[in-house]
$ cat query-v9.cif   # mmCIF, C-alpha atoms
data_protein
loop_
_atom_site.label_atom_id
_atom_site.label_comp_id
_atom_site.auth_asym_id
_atom_site.auth_seq_id
_atom_site.Cartn_x
_atom_site.Cartn_y
_atom_site.Cartn_z
CA MET N 1 106.38 132.99 82.75
CA ALA N 2 106.13 129.21 82.42
CA ASP N 3 104.59 127.13 79.66
CA PHE N 4 102.04 124.46 80.46
CA ILE N 5 102.42 121.89 77.69
CA MET N 6 100.57 118.82 76.45
CA PRO N 7 102.32 116.21 78.63
CA SER N 8 103.57 112.82 77.49
CA LEU N 9 101.81 110.27 79.68
CA GLY N 10 104.04 107.39 78.65
CA ALA N 11 106.35 106.07 75.96
CA ASP N 12 103.35 105.30 73.79
CA MET N 13 101.86 108.80 73.70
CA THR N 14 102.55 111.27 70.90
CA GLU N 15 99.36 113.34 71.04
CA GLY N 16 96.33 113.88 73.21
CA ILE N 17 92.95 115.58 73.19
CA LEU N 18 92.37 118.53 75.50
CA VAL N 19 88.94 117.65 76.86
CA ALA N 20 88.46 120.43 79.41
CA TRP N 21 90.10 123.17 81.37
CA ARG N 22 89.56 123.15 85.13
CA VAL N 23 90.83 126.73 85.46
CA GLU N 24 90.25 130.09 83.83
CA ALA N 25 92.70 132.83 82.99
CA GLY N 26 93.45 134.74 86.16
CA ASP N 27 93.10 131.73 88.49
CA ARG N 28 95.85 131.25 91.03
CA VAL N 29 97.42 127.75 90.89
CA LYS N 30 99.95 125.89 92.98
CA HIS N 31 102.21 122.91 92.37
CA GLY N 32 100.11 119.76 91.92
CA ASP N 33 96.76 121.44 91.19
CA ILE N 34 94.70 119.70 88.53
CA ILE N 35 94.10 122.22 85.78
CA ALA N 36 93.10 120.20 82.71
CA GLU N 37 91.66 116.92 81.49
CA VAL N 38 93.38 115.12 78.64
CA GLU N 39 92.23 112.05 76.76
CA THR N 40 94.66 109.57 75.28
CA GLU N 41 94.33 106.08 73.82
CA LYS N 42 94.37 104.82 77.40
CA GLY N 43 91.53 106.95 78.68
CA LEU N 44 90.89 110.24 80.41
CA PHE N 45 93.50 111.76 82.74
CA GLU N 46 93.61 114.67 85.14
CA ILE N 47 96.63 116.84 84.45
CA GLU N 48 98.48 118.71 87.18
CA VAL N 49 100.45 121.92 86.86
CA PHE N 50 103.97 122.01 88.30
CA ASP N 51 104.52 125.76 88.35
CA ALA N 52 102.91 127.96 90.96
CA GLY N 53 101.50 131.29 89.84
CA VAL N 54 98.55 132.68 87.99
CA VAL N 55 97.05 131.28 84.80
CA ASP N 56 97.97 133.89 82.22
CA ARG N 57 96.41 132.69 79.01
CA LEU N 58 94.69 129.51 77.84
CA LEU N 59 96.11 129.08 74.34
CA VAL N 60 94.28 125.93 73.25
CA GLN N 61 90.55 125.48 73.59
CA PRO N 62 89.05 122.08 74.40
CA GLY N 63 87.96 120.27 71.26
CA PRO N 64 88.09 117.01 69.37
CA ASP N 65 91.39 117.69 67.61
CA LYS N 66 94.52 115.86 68.70
CA VAL N 67 97.27 118.08 70.05
CA PRO N 68 100.91 116.92 69.74
CA VAL N 69 102.86 116.28 72.96
CA GLY N 70 104.89 119.38 73.84
CA THR N 71 102.39 121.91 72.44
CA VAL N 72 102.03 124.90 74.76
CA LEU N 73 98.47 124.76 76.09
CA ALA N 74 98.63 127.67 78.52
CA THR N 75 101.04 130.11 80.07
CA ILE N 76 101.46 130.46 83.81
CA ALA N 77 102.75 133.77 85.13
CA ASP N 78 104.94 133.30 88.18
CA LYS N 79 104.23 135.12 91.43
CA MET N 80 107.03 137.63 91.03
CA ALA N 81 105.85 138.65 87.62
CA VAL N 82 102.29 138.86 88.86
CA ALA N 83 103.29 141.13 91.68
CA THR N 84 104.68 143.65 89.22
CA VAL N 85 101.63 143.66 86.99
CA PRO N 86 99.21 146.36 88.08
CA VAL N 87 96.22 144.44 89.35
CA SER N 88 93.14 146.25 90.44
CA GLU N 89 92.60 145.52 94.09
CA PRO N 90 89.03 145.22 95.31
CA GLY N 91 87.82 148.72 95.92
CA GLU N 92 90.37 150.23 93.57
CA ARG N 93 88.62 151.98 90.76
CA LEU N 94 89.03 150.52 87.26
CA ARG N 95 89.95 153.03 84.61
CA VAL N 96 87.37 152.53 81.88
CA SER N 97 86.43 154.88 79.09
CA PRO N 98 82.70 155.75 79.07
CA ALA N 99 82.13 154.18 75.63
CA ALA N 100 83.86 150.99 76.77
CA ARG N 101 81.79 150.83 79.96
CA LYS N 102 78.56 151.22 77.96
CA LEU N 103 79.42 148.48 75.46
CA ALA N 104 80.61 146.15 78.22
CA ALA N 105 77.34 146.60 80.09
CA GLU N 106 75.32 145.89 76.94
CA ARG N 107 77.24 142.71 76.18
CA HIS N 108 77.63 141.52 79.79
CA ILE N 109 81.42 141.62 79.71
CA ASP N 110 83.10 141.40 83.15
CA LEU N 111 85.47 144.37 83.25
CA ASN N 112 87.50 142.91 86.10
CA ARG N 113 88.70 140.07 83.88
CA LEU N 114 90.18 142.34 81.23
CA GLU N 115 93.54 143.98 80.86
CA GLY N 116 93.43 147.50 79.51
CA THR N 117 95.62 148.72 76.66
CA GLY N 118 94.67 152.40 76.92
CA PRO N 119 96.55 155.14 78.81
CA GLN N 120 97.75 153.95 82.28
CA GLY N 121 96.23 150.54 81.65
CA SER N 122 92.72 151.85 81.24
CA LEU N 123 90.13 149.84 79.35
CA CYS N 124 89.16 151.38 76.05
CA LEU N 125 86.51 150.50 73.49
CA ALA N 126 88.96 148.32 71.51
CA ASP N 127 89.58 146.14 74.61
CA ILE N 128 85.88 145.46 74.99
CA GLU N 129 85.47 144.72 71.28
CA HIS N 130 88.40 142.34 71.52
CA ALA N 131 86.85 140.61 74.55
CA ILE N 132 83.53 140.24 72.69
CA GLY N 133 85.42 138.69 69.79
CA GLU N 134 87.06 136.21 72.18
CA THR N 135 83.69 135.30 73.72
CA VAL N 136 82.23 134.66 70.30
CA LYS N 137 85.25 132.52 69.43
CA GLU N 138 84.84 130.56 72.65
CA GLN N 139 81.21 129.90 71.81
CA ALA N 140 82.14 128.79 68.33
CA VAL N 141 84.52 126.14 69.65
CA PRO N 142 83.25 122.69 68.66
CA ALA N 143 81.94 120.51 71.46
CA PRO N 144 84.50 118.19 73.06
CA ALA N 145 84.89 114.78 71.49
CA GLU N 146 82.04 112.33 71.96
CA PRO N 147 82.87 109.58 74.45
CA LYS N 148 84.67 106.84 72.56
CA LYS N 149 82.75 103.76 71.56
CA PRO N 150 84.00 100.55 73.20
CA ASP N 151 85.45 99.27 69.91
CA ASP N 152 87.37 102.52 69.31
CA PHE N 153 88.67 102.43 72.84
CA LYS N 154 89.80 98.83 72.50
CA ALA N 155 91.56 99.49 69.20
CA GLY N 156 93.24 102.63 70.55
CA MET N 157 94.34 100.86 73.72
CA ARG N 158 95.84 97.97 71.71
CA GLN N 159 97.68 100.42 69.48
CA ALA N 160 99.09 102.27 72.49
CA ILE N 161 100.27 99.07 74.17
CA ALA N 162 101.69 97.78 70.88
CA ALA N 163 103.65 101.02 70.38
CA ALA N 164 105.20 100.92 73.85
CA MET N 165 105.99 97.21 73.77
CA SER N 166 107.45 97.39 70.25
CA LEU N 167 109.71 100.18 71.43
CA SER N 168 110.68 98.06 74.42
CA ASN N 169 111.49 94.97 72.38
CA ARG N 170 113.30 97.02 69.74
CA GLU N 171 115.52 99.01 72.05
CA ILE N 172 115.86 97.20 75.37
CA PRO N 173 118.19 94.20 75.54
CA HIS N 174 116.20 92.25 78.14
CA TYR N 175 117.62 89.68 80.54
CA TYR N 176 115.36 87.44 82.62
CA LEU N 177 115.77 85.91 86.08
CA ALA N 178 113.41 83.89 88.26
CA THR N 179 113.34 82.69 91.82
CA ASP N 180 110.98 80.67 94.01
CA ILE N 181 110.06 82.24 97.33
CA ASP N 182 108.69 80.32 100.29
CA MET N 183 105.61 82.33 101.32
CA SER N 184 104.62 80.32 104.42
CA ARG N 185 105.89 82.87 106.94
CA ALA N 186 104.38 85.79 105.04
CA LEU N 187 100.99 84.10 104.58
CA ASN N 188 100.79 82.83 108.18
CA TRP N 189 101.56 86.29 109.45
CA LEU N 190 98.99 87.78 107.10
CA ALA N 191 96.29 85.27 108.12
CA GLU N 192 96.92 86.13 111.77
CA GLN N 193 96.66 89.84 111.01
CA ASN N 194 93.51 89.44 108.95
CA ARG N 195 91.81 87.26 111.59
CA GLU N 196 91.79 90.23 113.94
CA ARG N 197 90.62 92.68 111.31
CA SER N 198 87.16 93.49 110.07
CA ILE N 199 86.66 92.73 106.41
CA LYS N 200 87.22 96.35 105.43
CA GLN N 201 90.65 96.41 107.01
CA ARG N 202 92.00 93.16 105.56
CA LEU N 203 95.22 93.08 103.59
CA LEU N 204 95.86 91.22 100.34
CA PRO N 205 99.10 89.24 99.85
CA VAL N 206 100.11 91.51 96.95
CA VAL N 207 100.50 94.40 99.41
CA LEU N 208 103.22 92.44 101.23
CA SER N 209 104.90 91.70 97.90
CA LEU N 210 104.83 95.36 96.85
CA LYS N 211 106.35 96.50 100.13
CA ALA N 212 109.00 93.77 99.81
CA VAL N 213 109.81 94.99 96.28
CA ALA N 214 110.33 98.48 97.73
CA ARG N 215 112.64 97.07 100.44
CA ALA N 216 114.64 95.21 97.81
CA LEU N 217 114.92 98.39 95.72
CA GLU N 218 116.39 100.19 98.73
CA LYS N 219 119.15 97.59 98.60
CA VAL N 220 119.50 97.59 94.81
CA PRO N 221 118.50 101.13 93.75
CA GLU N 222 119.97 100.65 90.25
CA LEU N 223 116.73 98.98 89.14
CA ASN N 224 114.61 102.00 90.08
CA GLY N 225 115.02 104.61 87.36
CA HIS N 226 114.60 105.73 83.79
CA TRP N 227 116.88 105.21 80.78
CA VAL N 228 117.08 108.64 79.15
CA ASP N 229 119.46 109.80 76.40
CA GLY N 230 121.75 106.83 76.75
CA GLN N 231 122.10 106.89 80.50
CA LEU N 232 120.42 105.67 83.64
CA GLN N 233 118.72 108.30 85.76
CA LEU N 234 118.09 106.84 89.19
CA LYS N 235 114.92 107.72 91.08
CA ARG N 236 115.20 108.76 94.68
CA GLU N 237 111.56 108.04 95.49
CA ILE N 238 110.24 104.51 95.19
CA HIS N 239 107.13 104.82 93.02
CA ILE N 240 106.03 101.43 91.72
CA GLY N 241 103.90 101.08 88.59
CA PHE N 242 101.23 98.45 89.22
CA ALA N 243 99.67 96.73 86.22
CA VAL N 244 95.87 96.98 86.42
CA ALA N 245 93.79 95.07 83.86
CA LEU N 246 90.72 96.88 82.56
CA ARG N 247 87.49 94.95 82.13
CA LYS N 248 86.90 96.52 78.71
CA GLY N 249 90.33 95.26 77.61
CA GLY N 250 93.91 96.43 77.89
CA LEU N 251 95.85 97.53 80.92
CA ILE N 252 97.25 100.60 82.63
CA THR N 253 100.24 100.70 84.98
CA PRO N 254 99.75 103.72 87.27
CA ALA N 255 102.27 104.52 89.98
CA LEU N 256 101.77 103.69 93.64
CA HIS N 257 103.76 106.43 95.35
CA ASP N 258 106.44 106.18 98.06
CA VAL N 259 105.86 102.49 98.67
CA ASN N 260 108.93 102.18 100.95
CA ARG N 261 107.63 104.87 103.28
CA LYS N 262 104.07 103.66 103.73
CA SER N 263 102.60 101.20 106.23
CA LEU N 264 100.89 98.08 104.88
CA ASP N 265 97.50 99.55 105.86
CA GLN N 266 98.24 102.74 103.99
CA LEU N 267 99.44 100.76 100.96
CA MET N 268 96.28 98.64 100.94
CA ALA N 269 94.12 101.77 101.05
CA ASP N 270 96.20 103.50 98.36
CA LEU N 271 96.22 100.41 96.13
CA GLY N 272 92.42 100.17 96.39
CA ASP N 273 92.10 103.83 95.52
CA LEU N 274 94.50 103.47 92.60
CA ILE N 275 92.73 100.41 91.16
CA THR N 276 89.33 102.11 91.49
CA ARG N 277 90.54 105.31 89.85
CA THR N 278 92.27 103.36 87.08
CA ARG N 279 89.04 101.55 86.27
CA THR N 280 86.88 104.66 86.44
CA GLY N 281 89.23 106.91 84.43
CA LYS N 282 90.26 109.25 87.24
CA LEU N 283 94.05 108.96 87.16
CA ARG N 284 96.36 111.94 87.36
CA GLY N 285 98.90 112.53 84.61
CA SER N 286 101.87 112.25 86.94
CA GLU N 287 100.75 108.78 88.02
CA MET N 288 101.28 107.65 84.42
CA THR N 289 104.89 108.78 84.26
CA ASP N 290 106.68 108.81 87.58
CA ALA N 291 107.04 105.09 88.33
CA GLY N 292 110.66 103.90 88.34
CA ILE N 293 109.79 100.20 87.99
CA THR N 294 106.67 98.14 87.29
CA VAL N 295 105.17 95.15 89.11
CA THR N 296 102.77 92.87 87.26
CA SER N 297 100.90 90.36 89.34
CA LEU N 298 99.13 87.66 87.33
CA GLY N 299 98.66 85.21 90.18
CA ASP N 300 94.89 85.51 90.20
CA LEU N 301 94.80 83.76 86.84
CA GLY N 302 96.88 80.82 88.00
CA VAL N 303 99.97 81.92 86.10
CA GLN N 304 103.12 80.45 87.60
CA THR N 305 105.84 82.48 85.91
CA VAL N 306 105.60 85.95 84.36
CA TYR N 307 108.06 86.82 81.56
CA GLY N 308 107.74 90.57 81.56
CA VAL N 309 108.31 93.23 78.92
CA ILE N 310 109.90 96.37 80.40
CA TYR N 311 107.84 99.55 80.13
CA PRO N 312 110.14 102.24 78.69
CA PRO N 313 111.81 104.38 79.91
CA GLN N 314 111.98 102.10 82.99
CA VAL N 315 114.77 99.54 83.25
CA ALA N 316 113.11 96.67 85.11
CA LEU N 317 109.84 94.83 85.54
CA VAL N 318 108.97 92.45 88.38
CA GLY N 319 106.55 89.61 87.63
CA LEU N 320 104.60 87.84 90.36
CA GLY N 321 102.89 84.51 89.73
CA ARG N 322 100.33 82.56 91.73
CA ILE N 323 101.16 81.52 95.27
CA ARG N 324 100.47 77.78 95.33
CA GLU N 325 101.50 74.77 97.33
CA ARG N 326 104.54 73.03 95.95
CA PRO N 327 107.09 70.51 97.24
CA TRP N 328 109.86 72.37 99.04
CA ALA N 329 113.18 70.90 100.18
CA GLU N 330 114.98 72.59 103.06
CA GLN N 331 117.75 71.32 105.33
CA GLY N 332 117.42 67.82 103.95
CA LEU N 333 113.69 67.62 104.50
CA LEU N 334 110.96 67.63 101.94
CA GLY N 335 107.75 69.47 102.78
CA VAL N 336 104.87 71.32 101.16
CA ARG N 337 104.92 75.11 101.22
CA PRO N 338 103.04 77.95 99.54
CA VAL N 339 105.49 79.15 96.90
CA LEU N 340 105.63 82.33 94.81
CA THR N 341 107.68 82.49 91.62
CA ALA N 342 109.02 86.03 91.26
CA THR N 343 110.72 87.08 88.02
CA LEU N 344 112.72 90.05 86.96
CA ALA N 345 113.07 91.41 83.44
CA GLY N 346 116.06 93.76 83.44
CA ASP N 347 117.58 96.18 80.93
CA HIS N 348 121.13 95.10 80.04
CA ARG N 349 122.06 98.66 79.06
CA ALA N 350 121.50 99.74 82.65
CA GLY N 351 122.85 96.74 84.53
CA ASP N 352 123.64 93.05 84.68
CA GLY N 353 122.12 89.82 85.92
CA HIS N 354 124.27 90.02 89.02
CA GLN N 355 122.35 93.11 90.13
CA GLY N 356 119.07 91.47 89.22
CA GLY N 357 120.04 88.44 91.28
CA GLN N 358 120.78 90.63 94.28
CA PHE N 359 117.37 92.23 93.88
CA LEU N 360 115.46 88.91 93.78
CA ASP N 361 117.49 87.67 96.74
CA ALA N 362 116.60 90.79 98.74
CA LEU N 363 112.94 90.39 97.72
CA GLY N 364 112.87 86.79 98.97
CA ARG N 365 114.53 87.77 102.26
CA ALA N 366 112.15 90.66 102.86
CA LEU N 367 109.21 88.27 102.53
CA GLN N 368 110.70 86.03 105.24
CA GLU N 369 110.28 88.88 107.74
CA PRO N 370 106.72 90.05 107.13
CA GLU N 371 106.48 91.70 110.55
CA SER N 372 109.12 94.23 109.54
CA LEU N 373 107.48 95.15 106.23
CA MET M 374 65.77 85.68 104.10
CA ILE M 375 64.79 83.33 101.29
CA GLU M 376 67.35 82.14 98.73
CA ALA M 377 65.85 84.11 95.86
CA GLU M 378 66.35 87.33 97.83
CA ILE M 379 69.93 86.39 98.66
CA ARG M 380 70.58 85.79 94.97
CA THR M 381 69.29 89.25 94.15
CA HIS M 382 71.65 90.78 96.68
CA ILE M 383 74.59 88.78 95.31
CA PHE M 384 73.80 89.83 91.74
CA HIS M 385 73.65 93.49 92.76
CA GLY M 386 77.12 93.21 94.29
CA LEU M 387 78.52 91.35 91.28
CA GLU M 388 77.01 93.86 88.90
CA LEU M 389 79.13 96.61 90.44
CA ILE M 390 82.26 94.62 89.61
CA ALA M 391 81.26 92.94 86.36
CA PRO M 392 78.62 95.23 84.82
CA GLU M 393 78.84 93.50 81.47
CA ALA M 394 78.01 90.03 82.82
CA ASP M 395 74.71 88.28 82.12
CA PHE M 396 73.87 86.55 85.37
CA ASP M 397 71.00 84.54 83.87
CA GLU M 398 73.56 82.81 81.68
CA LEU M 399 75.83 81.95 84.60
CA PRO M 400 76.37 78.18 84.44
CA ALA M 401 75.55 76.32 87.67
CA GLY M 402 78.40 74.82 89.65
CA GLU M 403 81.12 76.89 87.94
CA ASN M 404 83.89 78.82 89.70
CA LEU M 405 82.37 82.27 90.05
CA ARG M 406 85.65 84.19 90.08
CA GLU M 407 86.95 82.44 86.97
CA GLU M 408 83.62 82.72 85.18
CA LEU M 409 83.34 86.48 85.78
CA ASP M 410 87.11 87.22 85.71
CA ILE M 411 87.13 88.58 89.26
CA ASP M 412 90.58 89.23 90.72
CA SER M 413 91.43 89.12 94.42
CA TYR M 414 90.95 92.86 94.85
CA ASP M 415 87.51 92.74 93.19
CA PHE M 416 86.56 89.69 95.26
CA LEU M 417 87.46 91.49 98.48
CA SER M 418 85.48 94.55 97.32
CA PHE M 419 82.50 92.27 96.61
CA LEU M 420 82.69 90.74 100.12
CA ILE M 421 82.91 94.22 101.64
CA TRP M 422 79.83 95.18 99.66
CA LEU M 423 77.95 92.09 100.93
CA ASN M 424 79.06 92.98 104.45
CA GLU M 425 77.60 96.46 104.12
CA ASP M 426 74.49 95.25 102.35
CA LEU M 427 73.60 92.21 104.46
CA GLY M 428 75.64 92.78 107.61
CA VAL M 429 77.44 89.44 107.26
CA GLU M 430 81.13 89.46 108.22
CA ILE M 431 82.85 86.67 106.28
CA PRO M 432 86.12 85.55 107.92
CA GLU M 433 89.07 85.06 105.59
CA ILE M 434 89.25 81.39 106.49
CA ASP M 435 85.85 80.87 104.83
CA TYR M 436 86.89 82.37 101.46
CA GLU M 437 87.86 78.93 100.16
CA LYS M 438 84.34 77.64 100.76
CA LEU M 439 82.89 80.28 98.42
CA ILE M 440 83.68 78.97 94.96
CA THR M 441 80.38 78.75 93.10
CA LEU M 442 77.24 80.85 93.16
CA GLU M 443 75.46 77.98 94.95
CA ASP M 444 78.22 77.93 97.63
CA LEU M 445 77.71 81.61 98.23
CA VAL M 446 73.92 81.38 98.42
CA ALA M 447 74.09 78.41 100.83
CA TYR M 448 76.73 80.09 103.00
CA LEU M 449 74.84 83.38 103.26
CA SER M 450 71.49 81.73 103.86
CA GLN M 451 73.00 79.73 106.74
CA ARG M 452 74.58 82.85 108.23
CA LEU M 453 71.48 84.98 107.81
CA ASN M 454 68.80 82.56 109.00
#
$ encode --input "query-v9.cif" --output "structure tokens"
Amino acid sequence: MADFIMPSLGADMTEGILVAWRVEAGDRVKHGDIIAEVETEKGLFEIEVFDAGVVDRLLVQPGPDKVPVGTVLATIADKMAVATVPVSEPGERLRVSPAARKLAAERHIDLNRLEGTGPQGSLCLADIEHAIGETVKEQAVPAPAEPKKPDDFKAGMRQAIAAAMSLSNREIPHYYLATDIDMSRALNWLAEQNRERSIKQRLLPVVLSLKAVARALEKVPELNGHWVDGQLQLKREIHIGFAVALRKGGLITPALHDVNRKSLDQLMADLGDLITRTRTGKLRGSEMTDAGITVTSLGDLGVQTVYGVIYPPQVALVGLGRIRERPWAEQGLLGVRPVLTATLAGDHRAGDGHQGGQFLDALGRALQEPESL
Amino acid sequence: MIEAEIRTHIFHGLELIAPEADFDELPAGENLREELDIDSYDFLSFLIWLNEDLGVEIPEIDYEKLITLEDLVAYLSQRLN
């Protein structure tokens, strides 16, 4: 038997509201199935289950009350255990006492959903009375919370961001590095690619940058991980948190999965999907927690240099500024090139500037070979 | 297609991205993306929407010509008529 608990969807979350169940007791679930919806300060999230089996009991009913992180919301019986529980197969006759059958019929209780406590697992009158009690309780549950007003949402979002960033500034000894990257090769290659593509297939420069960050992390994996209980836990997969600003205020940094293993086309499609789901409140819980590093791209606003604050428990944040034409000296010649300032905020507990320097160097090099991204 | 119609189409597309914006208050001659806080992803989505709505394929090289609302109206009216 496994517990399904109120998950923590980030360093800033201590409690959440169970808005809805997507399953009922008795439903079969597998790893990754969405079984609940939870609301936090940052919005509504779809929550996956990570244990395969059968939903045993739903212990918490949806409602407006906040539930602390770690509270057991449901129990999931594993397959082995299920196999040993006598389950009535279709066609197999249920053992039901006559009085129980009569009451169940009167009150429209589905006998197949009940577990009997009588002799040999038969359903007796008490089981039906218990089930009626449960149904009444279910009906008495208060309606889920009203959708939050914009002002409440804004205030909650600010509080959540403040909590995470205060934690970051309190506990993480940040170091900062910056480098200028000549983007002429990358942008020329991209323009050539996009010329041949219909508008729906075009790539944005940030997709190249994200793939290049993944390449650089393959070379310097120490920046891809979580700082937990005083030590660095490296991540094998390269999931990159991408900062998405919300029009109603605030931001969310959901994870773009397996960036190193995806083609640029796939990344563009996945990024579009992620941004859309972030802005419409359709993110999955795991996307809030499994990024090993974050990228924040503020270039659209004309920002040149981003001084990032690391999102705990991650140990690094990459900042991307605007790509703009600047004077560029190379091999004794002065020219004008499109230049990107990339920055790294690193956690000194997990590593040093030397490592960070290697990362930015690898990032710059990867962007000089766009065709191999 | 007359310019007023083109404007209506543009506003429909922008509304999907910036539902809170009041297009009647949009100052003439201003940078549309800055005015409505439209990032590069939203801008691309908007152009895709126009493509589906009006059937106009805007090459990337023309993006820099589309700064203000008036630019966009003039560009589309030339391409459509």
$ resolve_selection --input "query-v9.cif" --expression "the PyMOL selection byres ((chain N) within 9 of (chain M))" --output "compact mmCIF listing (two decimals) with C-alpha atoms, in the frame of the given file"
# COMPACT_ATOMS: atom_id res chain seq x y z
CA ALA N 191 96.29 85.27 108.12
CA ASN N 194 93.51 89.44 108.95
CA ARG N 195 91.81 87.26 111.59
CA SER N 198 87.16 93.49 110.07
CA ILE N 199 86.66 92.73 106.41
CA LYS N 200 87.22 96.35 105.43
CA ARG N 202 92.00 93.16 105.56
CA LEU N 204 95.86 91.22 100.34
CA ARG N 247 87.49 94.95 82.13
CA GLY N 272 92.42 100.17 96.39
CA ILE N 275 92.73 100.41 91.16
CA ASP N 300 94.89 85.51 90.20
CA LEU N 301 94.80 83.76 86.84
$ residues_around --input "query-v9.cif" --residues "Glu443 of chain M" --least-positions-apart "6" --cutoff "10 Å" --atoms "only C-alpha atoms" --output "short mmCIF file (atom, residue, chain, number, x, y, z; two decimals) with C-alpha atoms, in the coordinates of the input"
data_model
loop_
_atom_site.label_atom_id
_atom_site.label_comp_id
_atom_site.auth_asym_id
_atom_site.auth_seq_id
_atom_site.Cartn_x
_atom_site.Cartn_y
_atom_site.Cartn_z
CA GLU M 376 67.35 82.14 98.73
CA ARG M 380 70.58 85.79 94.97
CA ALA M 401 75.55 76.32 87.67
CA GLY M 402 78.40 74.82 89.65
CA GLU M 403 81.12 76.89 87.94
CA ASN M 404 83.89 78.82 89.70
CA LEU M 405 82.37 82.27 90.05
CA LEU M 449 74.84 83.38 103.26
#
$ resolve_selection --input "query-v9.cif" --expression "the PyMOL selection byres ((chain N and resi 249-252) around 10)" --output "list in words"
Lys42, Gly43, Pro150, Asp151, Phe153, Lys154, Ala155, Gly156, Met157, Arg158, Ala160, Ile161, Gly241, Phe242, Ala243, Val244, Ala245, Leu246, Arg247, Lys248, Thr253, Pro254, Ala255, Ile275, Thr278, Arg279 and Met288 of chain N
$ atom_distance --input "query-v9.cif" --atom1 "atom CA of Leu363 of chain N" --atom2 "atom CA of Arg349 of chain N"
22.4 Å
$ resolve_selection --input "query-v9.cif" --expression "the PyMOL selection byres ((chain N and resi 334-340) around 6)" --output "compact mmCIF listing (two decimals) with C-alpha atoms, in the frame of the given file"
# COMPACT_ATOMS: atom_id res chain seq x y z
CA ASP N 180 110.98 80.67 94.01
CA ILE N 181 110.06 82.24 97.33
CA ASP N 182 108.69 80.32 100.29
CA MET N 183 105.61 82.33 101.32
CA SER N 184 104.62 80.32 104.42
CA ILE N 323 101.16 81.52 95.27
CA ARG N 324 100.47 77.78 95.33
CA GLU N 325 101.50 74.77 97.33
CA ARG N 326 104.54 73.03 95.95
CA PRO N 327 107.09 70.51 97.24
CA TRP N 328 109.86 72.37 99.04
CA ALA N 329 113.18 70.90 100.18
CA LEU N 333 113.69 67.62 104.50
CA THR N 341 107.68 82.49 91.62
$ atom_distance --input "query-v9.cif" --atom1 "atom CA of Glu171 of chain N" --atom2 "atom CA of Pro312 of chain N"
9.1 Å
$ residues_around --input "query-v9.cif" --residues "segment 303-308 of chain N" --least-positions-apart "5" --cutoff "10 Å" --atoms "all atoms listed in the file" --output "PyMOL selection string"
chain N and resi 174-180+294-298+316-324+339-346
$ closest_residue --input "query-v9.cif" --among "M:Phe419, M:Asp426, M:Gly386, M:Ile375" --to "Asn454 of chain M" --atoms "only C-alpha atoms"
M:Ile375
$ atom_distance --input "query-v9.cif" --atom1 "atom CA of Lys30 of chain N" --atom2 "atom CA of Leu73 of chain N"
17.0 Å
$ residues_around --input "query-v9.cif" --residues "segment 121-124 of chain N" --least-positions-apart "3" --cutoff "6 Å" --atoms "all atoms listed in the file" --output "list in words"
Arg95, Val96, Ser97, Ala100, Gly116, Thr117, Gly118 and Asp127 of chain N
$ residues_around --input "query-v9.cif" --residues "Pro62 of chain N" --least-positions-apart "6" --cutoff "6 Å" --atoms "all atoms listed in the file" --output "list in words"
Leu18, Val19 and Ala20 of chain N
$ write_last_selection --input "query-v9.cif" --atoms "C-alpha atoms" --output "PDB file, keeping the file's coordinate frame"
ATOM      1  CA  LEU N  18      92.370 118.530  75.500  1.00  0.00           C
ATOM      2  CA  VAL N  19      88.940 117.650  76.860  1.00  0.00           C
ATOM      3  CA  ALA N  20      88.460 120.430  79.410  1.00  0.00           C
TER       4      ALA N  20
END
